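Worksheet for the structure shown next.
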Amino acid sequence: MTINDLFKKHEFYLFMVIISLSILFTIYTKGFLTLENFLDLLTNYSFLGIMSAGMLVVLISGGIDLSFTAIATISEYMIALVIFNYHGNLFTAFFISCFAGVILGSFNAFIIYYFKAPALIVTIATLNIFYGFIILVTKGRWIYNFPTWFREARNIYEFTSGNGTEYAIALPVLLLLLVFIITYIILNYSFLGRKIFTFGGNREAARRMGFNLFHMTIFVYAFMGLLAGVGAISHVLIVQTVQANAIVGRELEVIAAVVLGGASLAGGKGTVLGTILGVTLIAIMWNGLILMGISSYWHQVLIGLIIVISVISSAYSSRKSILGGAKIDVE
Amino acid sequence: MNNIENKILDIQKISKRYGGVQALKQVDFSLKSGEIHCLVGENGSGKSTLIKIISGVEQPEIGAIIFIKGKQEHNLNPIKSIQKGIQVIYQDLSLFPNLTVAENIAVHNYSKGNLWWVNWKKTRKLSINTLSKIRVNLDPNRLVSSLSVADRQLVAICRAIATNAKLIIMDEPTSSLARHEINALFSIIKELQKTGITILFVSHKLNEIMEISERVTILRDGVKVGLFDRKDIDDKKLAYLMTGKKFSQEKLAEKVKKEKILLKVRNLSKKGNYKNINFKLHEGEIVGIVGMMGSGRTELAFSLFGMNPPDSGDILVEEKKVNFKSNEEAIEAGIGYIPEDRIEQGLIMNQAITSNITVTILNKLLNNLKMIDNKRQQRTTNHWVDALAIRTSNIKDPAKTLSGGNQQKVVLAKWLATTPKILIMDSPTVGVDIAAKHGLYEIMKELSKRKIGIILISDEVPEVLYNCHHILLMRKGRIVKEFQPDEISENELSNKIIEGLKN
């Protein structure tokens, strides 16, 4: 890759924005550029990062999923159920959480594929179904007082610095890393991943190629569900509480991060590196604004703006090509 | 069955019925190994159905016999057909714009069930080898979305070759190519032939058929009406066999009386679109603008219709200077525009024919309650259906149920309903049958008699030569030459269009 190619890359600009914002926040706030803040951010955003990897795959396939936060919420209650009522261990809790995610994700895929229904509408509907159902069953009860072994499972490595501050690397951070690596390998090196790109780029052509669109749809939404399950266990490990309204409502934050990372809502486009940078940017913005004492409502405004701007820019480029936007080399 | 071994494909007694329509009736068809064969016919003649049967997408009725490479095939399906070395390049090319050239060429590997992982080195190598087979210089790392239509076509051909295809079927491959690109495509087809690949070229463009084919099979209304060696046929005979009608092509005899100027364009320029455009359009005059895609002709048309404001220069409608800010103002001033892309820009495909025809004049169809008066809407529609002889059984059917020619007539009706003085027609006969094409030409002549001025944009030389009073040649955003039709022949004009491209 030449220097020129580098400047054309979306990821390069994102990286520059992240660096400039970091410099800005370092100058204007106290405590932005500290190891403590860095580890906190990484831990707190790991579960959103995990789900953004799932969303990346969904967007590349040309679909969308808004129900994953509800799926993650159901998974969280499943974790609590396994631990409190069935004396499960970390492994069974993890397994059940993921299993629930895969089942619910597949349910989305079935409806989307068999009824040829728009994914946006289907998953808004299932968001309500899943969320309503879990509130109904649990009556919105908070669950805390997790056993000690579960609290201790949160961190995998702890250390103390010279001045006595305690640091920890959390298990969710490791999961985040694993999820990004696996997603990268699937998207870039497996036939399945490449077929998902063809599916998002030109569905009819993928059909003519003889690719099994049903398998792909199932995989895409089940993978999103699986990562909602992984996200759920990460979230519960971090906050040690299960609460019905903790995650639902943050769908757009995930979508914004992925779209910011260069994925297209029209499908066929997106990279893992871009997604990582998108999540990083959103995390840094959120964190910096808090440290600067700016109202958290601005955060929501920003998320909304990011989505609007990215939709406008893709609509603008397609409009340009319709309205004789082709450059003619006039002599 | 004489020397069946030399035939890569031999199919007999092929019939196919869709509902009440007999798409194919007892058709026999065969391809010699290594030949370039043209399958011709109008829309609805059964060409597509025949391709679908060969590619295994559709099954023929009982009694059909299919031999591929001398072996009889029962229950042909798409996968079997591909395994037998048959590849179809569809009109839309079926490429993946978001992927690289290399990956598009090697994409068939992904359907191999026994492998899981992509070998990027092999993908790249396969694409480079295939591209060099047809001597094409394309960067395998480029995204297909950044390629021109012609280059995309090459990628589609490479993809077919990469599967070791023995028979490549090209469905209307030239429909969105400019003349010099068609020439390049033809030399590649001949190159492929040298490597032993059989080509089935599906088309309804007479000049191309005469140019490339060795043998021609003609279908009409689902029946095979002939199989000829090219030397035994000419384009007049071909047109007759395709349509069952005789057509004459003559240059317009009557000169227009240049009494009243409808439209005058003075020094019109827009950066990156066109420069210093000057011309006049008189009452009843048909002015042709020829030039290739990318010559700025469509951009100019958009400007005249208020959708692409020029940077400088004047547009005068009936001697009055106009400065359109939107197409609404252009319509108000009496301009109609029939777009190049009928499906995307000309029609609302899923809406009723009647809604499409009256969409431009809804405000004239309101009753006292300011609601659309259905009866008047139907009356208006019926008027235009009769006047333009639009063939439909029900005006409430969606526009997509019509053939290309009838769809174009609906677009025409919608603009005529606004009683325009000036009509801009951008490539109006693309994808339209010969018979329907001549129907459109007749309508144009009739409109010209009724003093409507027409700007006909086209890249088909005969179309412009035989239907215009005055011809403007555009190249790279400029009008480089003007002709009277009687000053120039078809060949000369064709050469003028591609001139200046070589350097």
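The chains in the structure tokens are called A, B, ... from first to last as shown; in each chain the residues are counted from 1, and the ligands are counted from 1 in the order shown.
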
- Taking only C-alpha atoms into account, what are the residues of chain B at most 8 Å from chain A, put as a ChimeraX atom specification? /B:79,94-99,108,110-111,115-119,271-275,294-296,298-299,302,307-308,476-478

- Message: When you look at range 14-30 of chain B with a cut-off of 9 Å (counting only C-alpha atoms), what residues show up, excluding the ones that are within fewer than 2 positions of it in the same chain? I need them as a ChimeraX atom specification.
- Response: /B:7-12,32,44-47,49-50,53,58-66,217,219,221-224,227

- Which polymer residues have any atom within 10 Å of an atom of Leu81 in chain A, counting only C-alpha atoms, with same-chain residues fewer than 5 positions away left out, as a PyMOL selection string? chain A and resi 75-76+86-88+93+96+143

- Who sits within 10 Å of Ser489 in chain B, only C-alpha atoms, same chain under 3 positions skipped, as a PyMOL selection string: chain B and resi 461-462+465+485-486+492-494

- Tell me which protein, DNA and RNA residues are within 8 Å of Phe228 in chain B, counting only C-alpha atoms, leaving out same-chain ones fewer than 2 positions away, and put them as a ChimeraX atom specification. /B:215-217,226,230,232-233

- Task: Quick one: pick out all alpha helix (DSSP H) residues within range 66-198 of chain B from a backbone DSSP run and write them as a ChimeraX atom specification.
- Result: /B:78-83,101-106,120-133,149-162,179-194

C-alpha atoms of the current selection, written as an mmCIF file, in the first residue's frame:
data_model
loop_
_atom_site.group_PDB
_atom_site.id
_atom_site.type_symbol
_atom_site.label_atom_id
_atom_site.label_comp_id
_atom_site.auth_asym_id
_atom_site.auth_seq_id
_atom_site.Cartn_x
_atom_site.Cartn_y
_atom_site.Cartn_z
ATOM 1 C CA PRO B 78 -28.688 -24.648 -13.144
ATOM 2 C CA ILE B 79 -25.872 -26.431 -11.310
ATOM 3 C CA LYS B 80 -25.708 -29.244 -13.889
ATOM 4 C CA SER B 81 -25.726 -26.714 -16.670
ATOM 5 C CA ILE B 82 -22.793 -24.837 -15.122
ATOM 6 C CA GLN B 83 -20.932 -28.107 -14.598
ATOM 7 C CA VAL B 101 -12.246 -7.274 -10.051
ATOM 8 C CA ALA B 102 -10.234 -10.266 -8.857
ATOM 9 C CA GLU B 103 -12.871 -11.465 -6.459
ATOM 10 C CA ASN B 104 -15.665 -11.021 -8.987
ATOM 11 C CA ILE B 105 -13.770 -13.176 -11.449
ATOM 12 C CA ALA B 106 -13.066 -15.906 -8.898
ATOM 13 C CA TRP B 120 -6.291 -14.619 -1.791
ATOM 14 C CA LYS B 121 -3.122 -15.431 -3.679
ATOM 15 C CA LYS B 122 -4.958 -17.958 -5.846
ATOM 16 C CA THR B 123 -7.847 -15.562 -6.373
ATOM 17 C CA ARG B 124 -5.463 -12.909 -7.633
ATOM 18 C CA LYS B 125 -3.581 -15.330 -9.825
ATOM 19 C CA LEU B 126 -6.744 -16.717 -11.370
ATOM 20 C CA SER B 127 -7.958 -13.217 -12.176
ATOM 21 C CA ILE B 128 -4.655 -12.130 -13.708
ATOM 22 C CA ASN B 129 -4.488 -15.279 -15.826
ATOM 23 C CA THR B 130 -8.059 -14.874 -17.011
ATOM 24 C CA LEU B 131 -7.664 -11.196 -17.820
ATOM 25 C CA SER B 132 -4.556 -11.936 -19.844
ATOM 26 C CA LYS B 133 -6.410 -14.674 -21.754
ATOM 27 C CA VAL B 149 -20.027 -0.433 -18.035
ATOM 28 C CA ALA B 150 -17.755 -1.711 -20.782
ATOM 29 C CA ASP B 151 -15.076 -2.775 -18.311
ATOM 30 C CA ARG B 152 -17.696 -4.426 -16.144
ATOM 31 C CA GLN B 153 -18.739 -6.432 -19.162
ATOM 32 C CA LEU B 154 -15.170 -7.648 -19.513
ATOM 33 C CA VAL B 155 -15.129 -8.691 -15.875
ATOM 34 C CA ALA B 156 -18.347 -10.648 -16.429
ATOM 35 C CA ILE B 157 -16.797 -12.368 -19.431
ATOM 36 C CA CYS B 158 -13.671 -13.190 -17.419
ATOM 37 C CA ARG B 159 -15.815 -14.663 -14.709
ATOM 38 C CA ALA B 160 -17.446 -16.954 -17.257
ATOM 39 C CA ILE B 161 -14.076 -17.993 -18.689
ATOM 40 C CA ALA B 162 -12.666 -18.613 -15.218
ATOM 41 C CA ARG B 179 -19.860 1.950 -30.469
ATOM 42 C CA HIS B 180 -16.113 1.736 -29.847
ATOM 43 C CA GLU B 181 -16.765 -0.420 -26.804
ATOM 44 C CA ILE B 182 -18.888 -2.729 -28.933
ATOM 45 C CA ASN B 183 -15.972 -3.044 -31.347
ATOM 46 C CA ALA B 184 -13.691 -3.992 -28.480
ATOM 47 C CA LEU B 185 -16.235 -6.523 -27.227
ATOM 48 C CA PHE B 186 -16.500 -8.075 -30.682
ATOM 49 C CA SER B 187 -12.774 -8.542 -30.981
ATOM 50 C CA ILE B 188 -12.773 -10.237 -27.592
ATOM 51 C CA ILE B 189 -15.583 -12.522 -28.698
ATOM 52 C CA LYS B 190 -13.488 -13.522 -31.704
ATOM 53 C CA GLU B 191 -10.526 -14.041 -29.406
ATOM 54 C CA LEU B 192 -12.643 -16.359 -27.265
ATOM 55 C CA GLN B 193 -13.696 -18.262 -30.329
ATOM 56 C CA LYS B 194 -10.060 -19.000 -31.092
#

- Task: Please provide as a list in words all residues within 10 Å of Glu319 in chain B, with the sequence filter that same-chain residues fewer than 2 positions apart are discarded (counting only C-alpha atoms).
- Result: Lys260, Ile261, Leu262, Leu263, Lys264, Ile315, Leu316, Val317, Lys321 and Val322 of chain B

- Message: One number please: CA of Asn43 in chain B to CA of Lys445 in chain B, in Å, one decimal.
- Response: 24.2 Å

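We find CA of Asp459 in chain B and CA of Met349 in chain B to be spaced 25.3 Å apart.
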
- Query: Hey, can you check how far CA of Ile443 in chain B sits from CA of Ile372 in chain B?
  - Reply: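 Answer for the CA of Ile443 in chain B to CA of Ile372 in chain B separation: 28.9 Å.
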